[in-house]
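Have a look at structure07.txt; it's compact mmCIF, C-alpha atoms and all ligand atoms:
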# COMPACT_ATOMS: atom_id res chain seq x y z
CA MET A 1 30.65 74.77 21.84
CA ARG A 2 29.12 71.37 22.29
CA ILE A 3 27.45 71.27 25.67
CA SER A 4 28.64 67.94 26.92
CA ALA A 5 29.81 66.28 30.06
CA SER A 6 33.37 67.05 29.01
CA LEU A 7 32.82 70.79 29.23
CA PRO A 8 33.26 72.24 32.70
CA LEU A 9 29.95 73.30 34.20
CA ALA A 10 31.27 76.79 34.78
CA ALA A 11 31.93 77.11 31.06
CA ILE A 12 28.39 76.06 30.26
CA VAL A 13 26.92 78.54 32.71
CA PHE A 14 29.21 81.24 31.41
CA ALA A 15 28.22 80.50 27.84
CA THR A 16 24.56 80.88 28.61
CA VAL A 17 24.64 84.05 30.68
CA ILE A 18 27.33 86.19 29.16
CA ALA A 19 26.39 89.08 26.92
CA PRO A 20 28.81 90.28 24.27
CA VAL A 21 30.83 93.29 25.37
CA SER A 22 32.20 95.84 22.99
CA GLY A 23 33.34 99.45 22.93
CA SER A 24 36.08 100.95 25.03
CA ALA A 25 36.75 97.73 26.94
CA VAL A 26 38.68 96.18 24.07
CA PRO A 27 41.19 97.67 21.66
CA GLN A 28 39.67 99.25 18.60
CA PRO A 29 39.78 97.17 15.41
CA PRO A 30 42.91 97.94 13.41
CA ALA A 31 42.65 99.81 10.14
CA LYS A 32 42.24 97.51 7.13
CA ALA A 33 45.74 98.30 5.92
CA GLN A 34 47.22 96.99 9.17
CA LEU A 35 45.46 93.65 9.03
CA ASP A 36 47.81 90.75 9.18
CA SER A 37 46.37 88.97 6.18
CA SER A 38 49.90 87.83 5.26
CA LYS A 39 50.75 84.70 3.40
CA VAL A 40 48.32 82.07 4.62
CA ALA A 41 44.60 81.74 3.99
CA ALA A 42 44.51 84.15 1.05
CA THR A 43 41.29 82.30 0.16
CA PRO A 44 39.12 80.44 2.69
CA PRO A 45 41.04 77.33 3.88
CA MET A 46 39.86 74.04 2.38
CA GLY A 47 40.43 70.64 3.91
CA TRP A 48 39.00 68.18 6.40
CA ASN A 49 38.74 68.07 10.19
CA SER A 50 38.30 65.00 12.39
CA TRP A 51 35.76 66.30 14.91
CA ASN A 52 32.36 66.19 13.22
CA TYR A 53 32.60 62.49 12.41
CA PHE A 54 35.23 60.91 14.68
CA ALA A 55 35.05 63.27 17.68
CA GLY A 56 37.10 61.72 20.55
CA LYS A 57 37.74 58.44 18.72
CA VAL A 58 40.12 59.82 16.11
CA THR A 59 43.44 58.00 15.68
CA ASP A 60 46.63 58.35 13.66
CA LYS A 61 45.24 55.76 11.24
CA ASP A 62 42.04 57.75 10.68
CA ILE A 63 44.13 60.79 9.77
CA ARG A 64 46.28 58.79 7.34
CA ASP A 65 43.22 57.12 5.79
CA SER A 66 41.54 60.49 5.40
CA ALA A 67 44.64 61.96 3.75
CA ASP A 68 44.75 58.99 1.36
CA GLN A 69 41.09 59.46 0.57
CA ILE A 70 41.43 63.18 -0.06
CA ILE A 71 43.78 62.20 -2.88
CA ALA A 72 41.81 59.19 -4.15
CA SER A 73 38.47 61.01 -4.17
CA GLY A 74 39.78 63.93 -6.21
CA MET A 75 39.24 66.30 -3.28
CA LYS A 76 42.86 67.41 -3.31
CA ASP A 77 42.60 68.28 -6.99
CA ALA A 78 39.47 70.26 -6.13
CA GLY A 79 41.42 72.31 -3.56
CA TYR A 80 41.21 70.47 -0.21
CA ILE A 81 44.66 70.74 1.39
CA TYR A 82 44.41 70.79 5.21
CA VAL A 83 44.00 67.57 7.17
CA ASN A 84 43.16 68.77 10.66
CA ILE A 85 43.33 66.76 13.86
CA ASP A 86 40.82 68.16 16.34
CA ASP A 87 40.67 67.52 20.09
CA THR A 88 41.86 64.33 21.87
CA TRP A 89 45.38 63.85 20.44
CA GLU A 90 47.04 65.29 23.56
CA GLY A 91 48.94 63.27 26.18
CA GLU A 92 50.85 64.48 29.25
CA ARG A 93 53.61 67.03 29.78
CA ASP A 94 57.01 65.78 30.90
CA ALA A 95 59.14 67.34 33.65
CA SER A 96 60.35 70.05 31.25
CA GLY A 97 56.79 70.91 30.28
CA VAL A 98 57.06 69.38 26.83
CA LEU A 99 53.69 68.04 25.72
CA HIS A 100 53.53 64.49 24.40
CA THR A 101 50.87 62.85 22.30
CA ASN A 102 48.63 60.12 23.71
CA SER A 103 48.67 56.51 22.53
CA LYS A 104 46.24 57.20 19.65
CA PHE A 105 48.98 59.29 18.01
CA PRO A 106 52.28 57.46 18.50
CA ASP A 107 54.45 59.79 16.41
CA MET A 108 53.16 63.20 15.36
CA LYS A 109 56.27 64.09 13.35
CA ALA A 110 55.94 60.89 11.34
CA LEU A 111 52.26 61.64 10.77
CA ALA A 112 53.07 65.16 9.58
CA ASP A 113 55.73 63.75 7.24
CA TYR A 114 53.19 61.30 5.84
CA VAL A 115 50.57 63.99 5.25
CA HIS A 116 53.18 66.30 3.71
CA SER A 117 54.42 63.50 1.43
CA LYS A 118 50.95 63.54 -0.12
CA GLY A 119 51.20 67.26 -0.85
CA LEU A 120 48.74 68.02 1.97
CA LYS A 121 49.09 70.05 5.18
CA LEU A 122 48.49 69.02 8.79
CA GLY A 123 46.42 70.92 11.34
CA ILE A 124 46.21 70.51 15.09
CA TYR A 125 44.07 71.73 18.01
CA SER A 126 44.61 73.21 21.47
CA SER A 127 43.10 75.55 24.04
CA PRO A 128 44.36 78.67 25.82
CA GLY A 129 43.01 77.09 29.03
CA PRO A 130 44.53 74.35 31.18
CA LYS A 131 42.31 71.76 29.45
CA THR A 132 40.71 71.36 26.04
CA CYS A 133 36.96 71.04 25.63
CA ALA A 134 37.26 67.26 25.84
CA GLY A 135 39.36 67.54 29.02
CA PHE A 136 42.81 66.93 27.50
CA GLU A 137 45.94 68.99 28.14
CA GLY A 138 45.64 72.67 27.08
CA SER A 139 48.34 75.27 26.40
CA LEU A 140 47.94 77.61 29.41
CA GLY A 141 51.40 78.68 30.55
CA HIS A 142 53.08 76.71 27.74
CA GLU A 143 52.12 78.80 24.71
CA GLU A 144 55.63 79.39 23.33
CA GLN A 145 56.70 75.84 24.09
CA ASP A 146 53.65 74.39 22.32
CA ALA A 147 53.99 76.68 19.32
CA GLN A 148 57.63 75.60 18.94
CA LEU A 149 56.59 71.97 19.30
CA TYR A 150 53.96 72.31 16.56
CA ALA A 151 56.51 73.97 14.28
CA SER A 152 59.05 71.21 14.98
CA TRP A 153 56.49 68.61 13.95
CA GLY A 154 55.62 70.57 10.79
CA ILE A 155 52.13 71.68 11.78
CA ASP A 156 50.45 74.07 9.33
CA TYR A 157 47.20 75.05 11.07
CA LEU A 158 46.11 75.58 14.70
CA LYS A 159 42.53 75.67 15.96
CA TYR A 160 42.59 77.32 19.40
CA ASP A 161 39.47 76.61 21.43
CA LEU A 162 38.54 78.77 24.44
CA CYS A 163 36.72 76.25 26.67
CA SER A 164 38.38 75.85 30.08
CA PHE A 165 40.04 79.27 29.84
CA ILE A 166 36.62 80.64 30.81
CA PRO A 167 36.36 79.20 34.34
CA ALA A 168 40.11 78.78 34.93
CA VAL A 169 41.20 82.31 34.01
CA MET A 170 38.42 84.69 32.97
CA GLU A 171 36.04 83.97 35.82
CA LYS A 172 38.75 83.44 38.37
CA GLN A 173 40.82 86.53 37.62
CA ALA A 174 37.97 88.91 36.84
CA PRO A 175 34.85 87.72 38.63
CA ASN A 176 31.74 89.69 37.65
CA ASP A 177 33.68 91.93 35.26
CA LYS A 178 32.76 90.89 31.75
CA ALA A 179 34.80 93.60 30.06
CA ALA A 180 37.94 92.52 31.92
CA GLN A 181 37.17 88.88 31.09
CA MET A 182 37.00 89.78 27.41
CA ARG A 183 40.38 91.53 27.65
CA LEU A 184 41.86 88.38 29.18
CA MET A 185 40.41 86.35 26.32
CA LEU A 186 41.86 88.67 23.71
CA ALA A 187 45.25 88.62 25.41
CA ALA A 188 45.26 84.81 25.39
CA TYR A 189 44.63 84.69 21.65
CA ASP A 190 47.23 87.40 21.11
CA LYS A 191 49.78 85.44 23.13
CA MET A 192 49.45 82.30 21.03
CA GLY A 193 49.38 84.42 17.85
CA LYS A 194 52.75 85.91 18.76
CA ALA A 195 54.12 82.49 19.74
CA LEU A 196 53.09 81.06 16.36
CA LYS A 197 54.61 84.01 14.55
CA ALA A 198 57.87 83.61 16.48
CA THR A 199 58.27 80.08 15.10
CA GLY A 200 58.77 81.55 11.63
CA ARG A 201 56.55 78.82 10.18
CA PRO A 202 53.42 79.89 8.29
CA ILE A 203 50.62 78.45 10.44
CA VAL A 204 46.96 79.23 9.81
CA TYR A 205 45.56 80.54 13.10
CA SER A 206 41.93 79.62 13.74
CA PHE A 207 40.07 81.14 16.73
CA CYS A 208 37.35 79.03 18.30
CA GLN A 209 35.58 81.14 20.92
CA TYR A 210 32.08 80.96 19.49
CA GLY A 211 31.89 84.58 18.26
CA TRP A 212 32.12 86.22 21.67
CA ASP A 213 32.83 89.91 21.97
CA SER A 214 32.38 90.54 18.23
CA VAL A 215 35.56 88.60 17.55
CA TRP A 216 35.45 89.62 13.86
CA GLU A 217 36.35 93.16 14.93
CA TRP A 218 39.61 92.29 16.67
CA ALA A 219 40.78 88.85 15.54
CA PRO A 220 42.51 89.94 12.30
CA GLY A 221 44.49 92.58 14.19
CA ILE A 222 46.10 89.92 16.40
CA GLY A 223 46.87 87.45 13.63
CA GLY A 224 43.61 85.48 13.40
CA ASN A 225 43.04 84.01 9.97
CA LEU A 226 39.57 82.77 10.82
CA TRP A 227 37.26 82.89 13.79
CA ARG A 228 34.18 80.93 14.70
CA THR A 229 31.11 83.15 14.67
CA THR A 230 28.76 80.78 16.53
CA GLY A 231 28.44 77.73 18.75
CA ASP A 232 28.91 74.23 17.38
CA ILE A 233 27.24 73.05 14.20
CA GLU A 234 25.24 69.81 14.16
CA ALA A 235 24.25 67.56 11.26
CA ARG A 236 20.62 68.69 11.08
CA TRP A 237 18.90 71.36 9.03
CA GLN A 238 17.83 73.56 11.92
CA SER A 239 21.41 73.88 13.16
CA ILE A 240 22.69 74.74 9.69
CA TYR A 241 19.91 77.25 9.12
CA ASP A 242 20.38 78.90 12.53
CA ILE A 243 24.09 79.33 11.87
CA LEU A 244 23.42 80.67 8.37
CA SER A 245 21.03 83.25 9.85
CA GLN A 246 23.70 84.40 12.29
CA GLN A 247 26.06 85.34 9.43
CA LYS A 248 23.90 88.27 8.32
CA GLY A 249 25.80 91.52 8.73
CA LEU A 250 29.28 89.96 8.94
CA ALA A 251 30.28 90.22 5.27
CA SER A 252 32.43 93.31 5.64
CA TYR A 253 34.75 91.54 8.12
CA ALA A 254 35.83 88.82 5.67
CA GLY A 255 38.59 89.13 3.12
CA PRO A 256 41.88 87.57 2.00
CA GLY A 257 43.70 86.22 5.07
CA HIS A 258 40.84 86.75 7.53
CA TRP A 259 37.52 84.90 7.40
CA ASN A 260 34.33 84.44 9.36
CA ASP A 261 33.98 80.76 10.30
CA PRO A 262 30.42 79.44 10.64
CA ASP A 263 31.98 76.08 11.67
CA MET A 264 33.04 72.98 9.80
CA LEU A 265 30.94 71.21 7.20
CA GLU A 266 28.44 68.50 8.10
CA VAL A 267 27.99 67.50 4.43
CA GLY A 268 27.52 63.73 4.36
CA ASN A 269 26.87 63.46 8.11
CA GLY A 270 23.70 62.62 10.04
CA LYS A 271 20.43 62.42 8.16
CA LEU A 272 20.75 65.53 6.01
CA SER A 273 18.85 65.16 2.73
CA LEU A 274 20.64 65.62 -0.57
CA ALA A 275 19.04 69.06 -0.93
CA GLU A 276 20.18 70.02 2.57
CA ASN A 277 23.73 68.85 1.88
CA ARG A 278 23.75 70.82 -1.38
CA THR A 279 22.37 73.96 0.26
CA HIS A 280 24.76 73.71 3.22
CA PHE A 281 27.78 73.39 0.92
CA SER A 282 26.56 76.12 -1.45
CA MET A 283 25.92 78.60 1.35
CA TRP A 284 29.27 77.95 3.05
CA ALA A 285 30.87 78.65 -0.36
CA MET A 286 28.78 81.81 -0.71
CA LEU A 287 29.83 82.91 2.80
CA ALA A 288 33.54 82.56 1.96
CA ALA A 289 33.63 80.19 4.93
CA PRO A 290 36.43 77.69 5.41
CA LEU A 291 35.42 74.51 3.58
CA LEU A 292 36.51 71.87 6.09
CA ALA A 293 34.72 68.64 5.33
CA GLY A 294 33.85 66.65 8.44
CA ASN A 295 32.55 63.37 7.09
CA ASP A 296 33.84 59.79 6.94
CA LEU A 297 35.87 60.14 3.76
CA PRO A 298 36.73 56.46 3.13
CA ARG A 299 33.03 55.58 3.21
CA MET A 300 31.70 58.68 1.44
CA LYS A 301 28.78 58.09 -0.95
CA PRO A 302 29.25 59.15 -4.61
CA GLU A 303 26.58 61.86 -4.35
CA ILE A 304 28.38 63.38 -1.35
CA LYS A 305 31.70 63.32 -3.19
CA GLU A 306 29.98 65.05 -6.09
CA ILE A 307 28.80 67.84 -3.79
CA LEU A 308 32.15 68.30 -2.05
CA THR A 309 34.07 68.40 -5.33
CA SER A 310 31.75 70.63 -7.34
CA ARG A 311 34.22 72.87 -9.19
CA ASP A 312 31.74 75.62 -9.99
CA VAL A 313 30.69 75.95 -6.36
CA ILE A 314 34.26 75.80 -5.07
CA ALA A 315 35.15 78.57 -7.54
CA ILE A 316 32.63 80.79 -5.73
CA SER A 317 34.22 79.95 -2.36
CA GLN A 318 37.75 80.54 -3.61
CA ASP A 319 37.06 83.70 -5.60
CA PRO A 320 40.19 85.83 -5.08
CA LEU A 321 38.26 88.96 -4.08
CA GLY A 322 37.00 87.15 -0.97
CA HIS A 323 33.71 89.06 -0.81
CA GLN A 324 31.44 87.16 1.56
CA ALA A 325 27.81 86.88 0.42
CA ARG A 326 25.28 89.32 1.80
CA TYR A 327 21.70 88.54 2.67
CA ILE A 328 19.65 90.53 0.17
CA TYR A 329 15.96 89.86 0.87
CA SER A 330 13.39 87.20 1.54
CA LYS A 331 9.82 86.58 0.56
CA GLY A 332 7.83 84.00 2.47
CA GLU A 333 10.29 81.28 3.26
CA VAL A 334 12.64 81.93 0.37
CA GLU A 335 15.87 83.82 1.01
CA VAL A 336 18.11 85.49 -1.55
CA TRP A 337 21.83 85.99 -0.90
CA ALA A 338 24.43 87.39 -3.33
CA ARG A 339 28.13 88.09 -3.64
CA ASP A 340 30.31 89.90 -6.13
CA LEU A 341 33.04 87.94 -7.87
CA GLN A 342 36.20 88.77 -9.72
CA GLY A 343 35.75 90.32 -13.16
CA GLY A 344 32.40 91.89 -12.31
CA ALA A 345 30.59 88.54 -12.09
CA LYS A 346 27.93 87.85 -9.46
CA ALA A 347 26.76 84.75 -7.59
CA ILE A 348 23.17 84.49 -6.41
CA ALA A 349 21.71 81.91 -4.06
CA ILE A 350 17.96 81.44 -3.78
CA VAL A 351 17.11 79.12 -0.89
CA ASN A 352 13.81 77.61 0.19
CA VAL A 353 14.43 77.58 3.93
CA GLY A 354 10.91 76.38 4.70
CA SER A 355 9.37 72.95 4.69
CA ASP A 356 6.91 73.54 1.80
CA VAL A 357 7.54 72.86 -1.84
CA TYR A 358 6.80 76.10 -3.62
CA SER A 359 4.84 74.52 -6.47
CA THR A 360 1.50 75.90 -5.33
CA HIS A 361 2.71 79.40 -4.51
CA PRO A 362 5.98 80.01 -6.33
CA PHE A 363 8.48 82.61 -5.33
CA HIS A 364 9.01 85.44 -7.84
CA LEU A 365 12.52 86.74 -8.29
CA ASP A 366 12.94 90.50 -7.95
CA LEU A 367 16.03 91.40 -10.00
CA ALA A 368 15.99 95.05 -8.97
CA GLN A 369 16.62 94.10 -5.33
CA LEU A 370 19.80 92.45 -6.54
CA GLY A 371 20.85 95.63 -8.30
CA LEU A 372 20.21 94.02 -11.67
CA ASN A 373 18.60 95.80 -14.54
CA GLY A 374 16.25 93.53 -16.50
CA SER A 375 16.93 90.10 -17.99
CA GLN A 376 20.20 88.34 -17.24
CA HIS A 377 22.05 85.34 -18.56
CA ALA A 378 23.11 82.94 -15.83
CA LYS A 379 24.50 79.47 -15.18
CA ASN A 380 22.81 77.10 -12.75
CA LEU A 381 25.84 75.80 -10.86
CA TRP A 382 24.29 72.51 -9.78
CA THR A 383 22.91 71.44 -13.19
CA GLY A 384 25.51 73.24 -15.31
CA LYS A 385 22.67 74.55 -17.49
CA GLU A 386 22.58 78.06 -18.88
CA MET A 387 19.38 79.98 -18.29
CA ASP A 388 17.82 83.40 -18.70
CA LEU A 389 16.59 85.25 -15.65
CA THR A 390 13.72 87.62 -16.15
CA ASN A 391 12.24 89.98 -13.66
CA ASN A 392 9.48 88.47 -11.55
CA MET A 393 10.14 84.98 -12.88
CA PRO A 394 8.72 82.21 -10.72
CA VAL A 395 11.23 79.95 -8.95
CA GLU A 396 10.06 76.60 -7.65
CA LEU A 397 12.28 74.91 -5.13
CA PRO A 398 11.83 71.77 -3.06
CA SER A 399 12.09 72.28 0.69
CA HIS A 400 15.61 73.24 1.86
CA ASP A 401 16.89 73.25 -1.73
CA ILE A 402 18.82 75.94 -3.50
CA LEU A 403 19.13 77.57 -6.89
CA LEU A 404 22.74 78.67 -7.12
CA LEU A 405 23.49 80.96 -10.06
CA ARG A 406 26.50 82.67 -11.54
CA ILE A 407 26.03 85.67 -13.78
CA ALA A 408 29.22 86.28 -15.75
CA SER A 409 28.27 89.73 -17.05
CA PRO A 410 25.54 91.32 -14.93
CA LYS A 411 23.59 94.18 -16.49
C1 LIG A 501 34.39 72.60 20.92
C2 LIG A 501 34.55 73.11 19.49
C3 LIG A 501 34.36 71.94 18.52
C4 LIG A 501 35.37 70.85 18.82
C5 LIG A 501 35.26 70.41 20.27
C6 LIG A 501 36.39 69.48 20.66
O1 LIG A 501 33.10 72.17 21.19
O2 LIG A 501 33.65 74.14 19.23
O3 LIG A 501 34.49 72.39 17.18
O4 LIG A 501 36.66 71.33 18.54
O5 LIG A 501 35.31 71.53 21.16
O6 LIG A 501 36.34 69.13 22.01
Could I get this structure in the form of structure tokens?
Amino acid sequence: MRISASLPLAAIVFATVIAPVSGSAVPQPPAKAQLDSSKVAATPPMGWNSWNYFAGKVTDKDIRDSADQIIASGMKDAGYIYVNIDDTWEGERDASGVLHTNSKFPDMKALADYVHSKGLKLGIYSSPGPKTCAGFEGSLGHEEQDAQLYASWGIDYLKYDLCSFIPAVMEKQAPNDKAAQMRLMLAAYDKMGKALKATGRPIVYSFCQYGWDSVWEWAPGIGGNLWRTTGDIEARWQSIYDILSQQKGLASYAGPGHWNDPDMLEVGNGKLSLAENRTHFSMWAMLAAPLLAGNDLPRMKPEIKEILTSRDVIAISQDPLGHQARYIYSKGEVEVWARDLQGGAKAIAIVNVGSDVYSTHPFHLDLAQLGLNGSQHAKNLWTGKEMDLTNNMPVELPSHDILLLRIASPK
């Protein structure tokens, strides 16, 4: 949640004081077999979202240009399919409650047709509250109507952002009762989930409620395909690293059809260094996170395109097993994460999260901690070079850089 003037003060206060509630207050997580992992999001969704670069300025033309560029840049061939409009497309409701777009989006159906004609899919955004985070019209009291509207336009993805539901419903209906507030929140997400399902159209359902109430435990049971695990990402290393750190312990909740969402990519935004962009992208792939680029595609630099279209790294993200990487260990300021891949292969990420270059005091790789028995043959996924890993080998990494490895046949 971006703390901005557009967010109601009550929501900000709520966000800072509330403690997660769990246990008997909310329904128990469904058994794995009952999870609605269905047809969509069998692997982490890949695409682009308007918010991180355009925020409230996004227009129909920006969406069309971005769709064009996804094709021209080779991103579509690399797997990017969803073109997602975030907040600020909404207009007013008419006398029958039907929501209309605002003047930035003159014809949503025509836009969806355009995006579909390119072989891409279109995503949209709303809130269970009366207003969105940016103060536009939300879906409260119009859930079925809005879901039907999205389906009639040909929408393929909905991001549903809590925001004004907090002061307007949770705090109003259940003052000082956090457990009851959490039940109201769950019911709101359930309501839209059912409304989407009733349309009969496969629509990826993305929860945006910042990880409250251990959302990973209950979201899949009410149709969530992905759920934000944290507040909003920003295009600076500290934000990316903080969010990465908050993913520890969540691996077991991810799998085909239901994913932890550490927020959209900032690759190519702000002043991130090349190493930081590479590490950010690599770790989101390791985490089986949605890969939703958020940069200015028509003006993307070649080195950013190279990162976003790296086939070897995307193959980690899209591995059909969907095993999210686990944090394995750290030494000094170097962290080691790993995930198992189809066919017994393994991906390992070694990240220098500190600001020193490790040339004077190199990090030594402990293969045993990774469950590996002696020397291994690996591929460096950013250079494409094959290499041998030996126990205790020194690894030198520039600050915020990564060594991303794939071991085809671990011993
Ligand atoms: C919240 C979300 C962001 C974005 C904005 C739009 O802050 O977390 O990802 O959707 O709202 O207003």
inquiry  = Using all atoms listed in the file, which residues have at least one atom no more than 10 Å from ligand LIG 501 (chain A)? Output them as JSON, numbers by chain.
reply    = {"A": [1, 2, 3, 4, 6, 7, 49, 50, 51, 52, 55, 56, 85, 86, 87, 88, 125, 126, 127, 131, 132, 133, 134, 135, 136, 159, 160, 161, 162, 163, 207, 208, 209, 210, 228, 230, 231, 232, 233, 263, 264]}
key: Nearest-residue call for Ile348 of chain A, choices A:Gly255, A:Gly371, A:Pro302, A:Gly119, using all atoms listed in the file   = A:Gly371
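Interatomic distance, atom CA of Gly294 of chain A to atom CA of Ser103 of chain A: 22.8 Å.
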Padding of 3 Å on every side, edges along x, y and z, all listed atoms of segment 229-239 of chain A included: what centre and edge lengths in Å, to one decimal, does that box have, as JSON?
{"center_x": 24.5, "center_y": 75.4, "center_z": 13.9, "size_x": 19.3, "size_y": 21.6, "size_z": 15.7}
task = Please provide the set of residues having any atom within 8 Å of Ser409 of chain A, restricted to only C-alpha atoms, with same-chain residues fewer than 4 positions apart removed, written as a ChimeraX atom specification.
result = /A:344-346,377
task = Within 10 Å of Asp113 of chain A, counting only C-alpha atoms, which residues show up once you throw out same-chain ones fewer than 5 positions away? Write them as a PyMOL selection string, please.
result = chain A and resi 108+118-122+153-155
Can you pull out every residue within 10 Å of segment 273-275 of chain A, counting all atoms listed in the file, but drop anything in the same chain fewer than 6 positions away, and send it as a CSV table (one decimal) with C-alpha atoms, in the coordinates of the input?
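Saved result, result_12.csv, follows:
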chain,number,residue,atom,x,y,z
A,236,ARG,CA,20.6,68.7,11.1
A,237,TRP,CA,18.9,71.4,9.0
A,267,VAL,CA,28.0,67.5,4.4
A,281,PHE,CA,27.8,73.4,0.9
A,303,GLU,CA,26.6,61.9,-4.4
A,304,ILE,CA,28.4,63.4,-1.4
A,307,ILE,CA,28.8,67.8,-3.8
A,397,LEU,CA,12.3,74.9,-5.1
A,398,PRO,CA,11.8,71.8,-3.1
A,399,SER,CA,12.1,72.3,0.7
A,400,HIS,CA,15.6,73.2,1.9
A,401,ASP,CA,16.9,73.2,-1.7
A,402,ILE,CA,18.8,75.9,-3.5
query = Between A:Pro256, A:Lys194, A:Tyr82, A:Asn176, which is the closest to Asp156 of chain A once you count all atoms listed in the file?
reply = A:Tyr82
Which residues of segment 47-78 of chain A come within 12 Å of segment 313-323 of chain A, and for each one, what is the closest pair of atoms and their distance in Å to one decimal, counting all atoms listed in the file, sorted by chain and residue number, as CSV?
residue,atom,partner,partner_atom,distance
A:Met75,CA,A:Ile314,CA,10.9
A:Asp77,CA,A:Ile314,CA,11.4
A:Ala78,CA,A:Ile314,CA,7.7
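Using all atoms listed in the file, the contacts of Glu90 of chain A at a cut-off of 8 Å, with sequence neighbours closer than 6 positions omitted, comprise Leu99, His100, Thr101, Asn102, Phe136 and Glu137 of chain A.
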query = What does the distance from atom CA of Gly249 of chain A to atom CA of Tyr327 of chain A come to in Å, to one decimal?
reply = 7.9 Å
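Note that the spacing between atom CA of Ser239 of chain A and atom CA of Glu306 of chain A amounts to 22.8 Å.
With distances restricted to all atoms listed in the file, A:Asp213 is the closest residue to Ala180 of chain A from A:Asn392, A:Arg406, A:Asp213, A:Asn84.
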Polymer residues at most 8 Å from segment 333-335 of chain A, only C-alpha atoms, same-chain spacing of 3 or more positions, as a ChimeraX atom specification = /A:327-330,349-354,363
Best match for closeness to Ile81 of chain A among A:Met170, A:Leu291, A:Ala235, A:Ile240, counting all atoms listed in the file = A:Leu291
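For the residues A:Leu272, A:Val215, A:Ala289, A:Ala325, ranking by smallest atom-to-atom distance to Gln238 of chain A using only C-alpha atoms places A:Leu272 first.
When only C-alpha atoms are used to measure the gap to Asp296 of chain A, the shortest distance among A:Leu265, A:Val395, A:Ala408, A:Leu403 belongs to A:Leu265.
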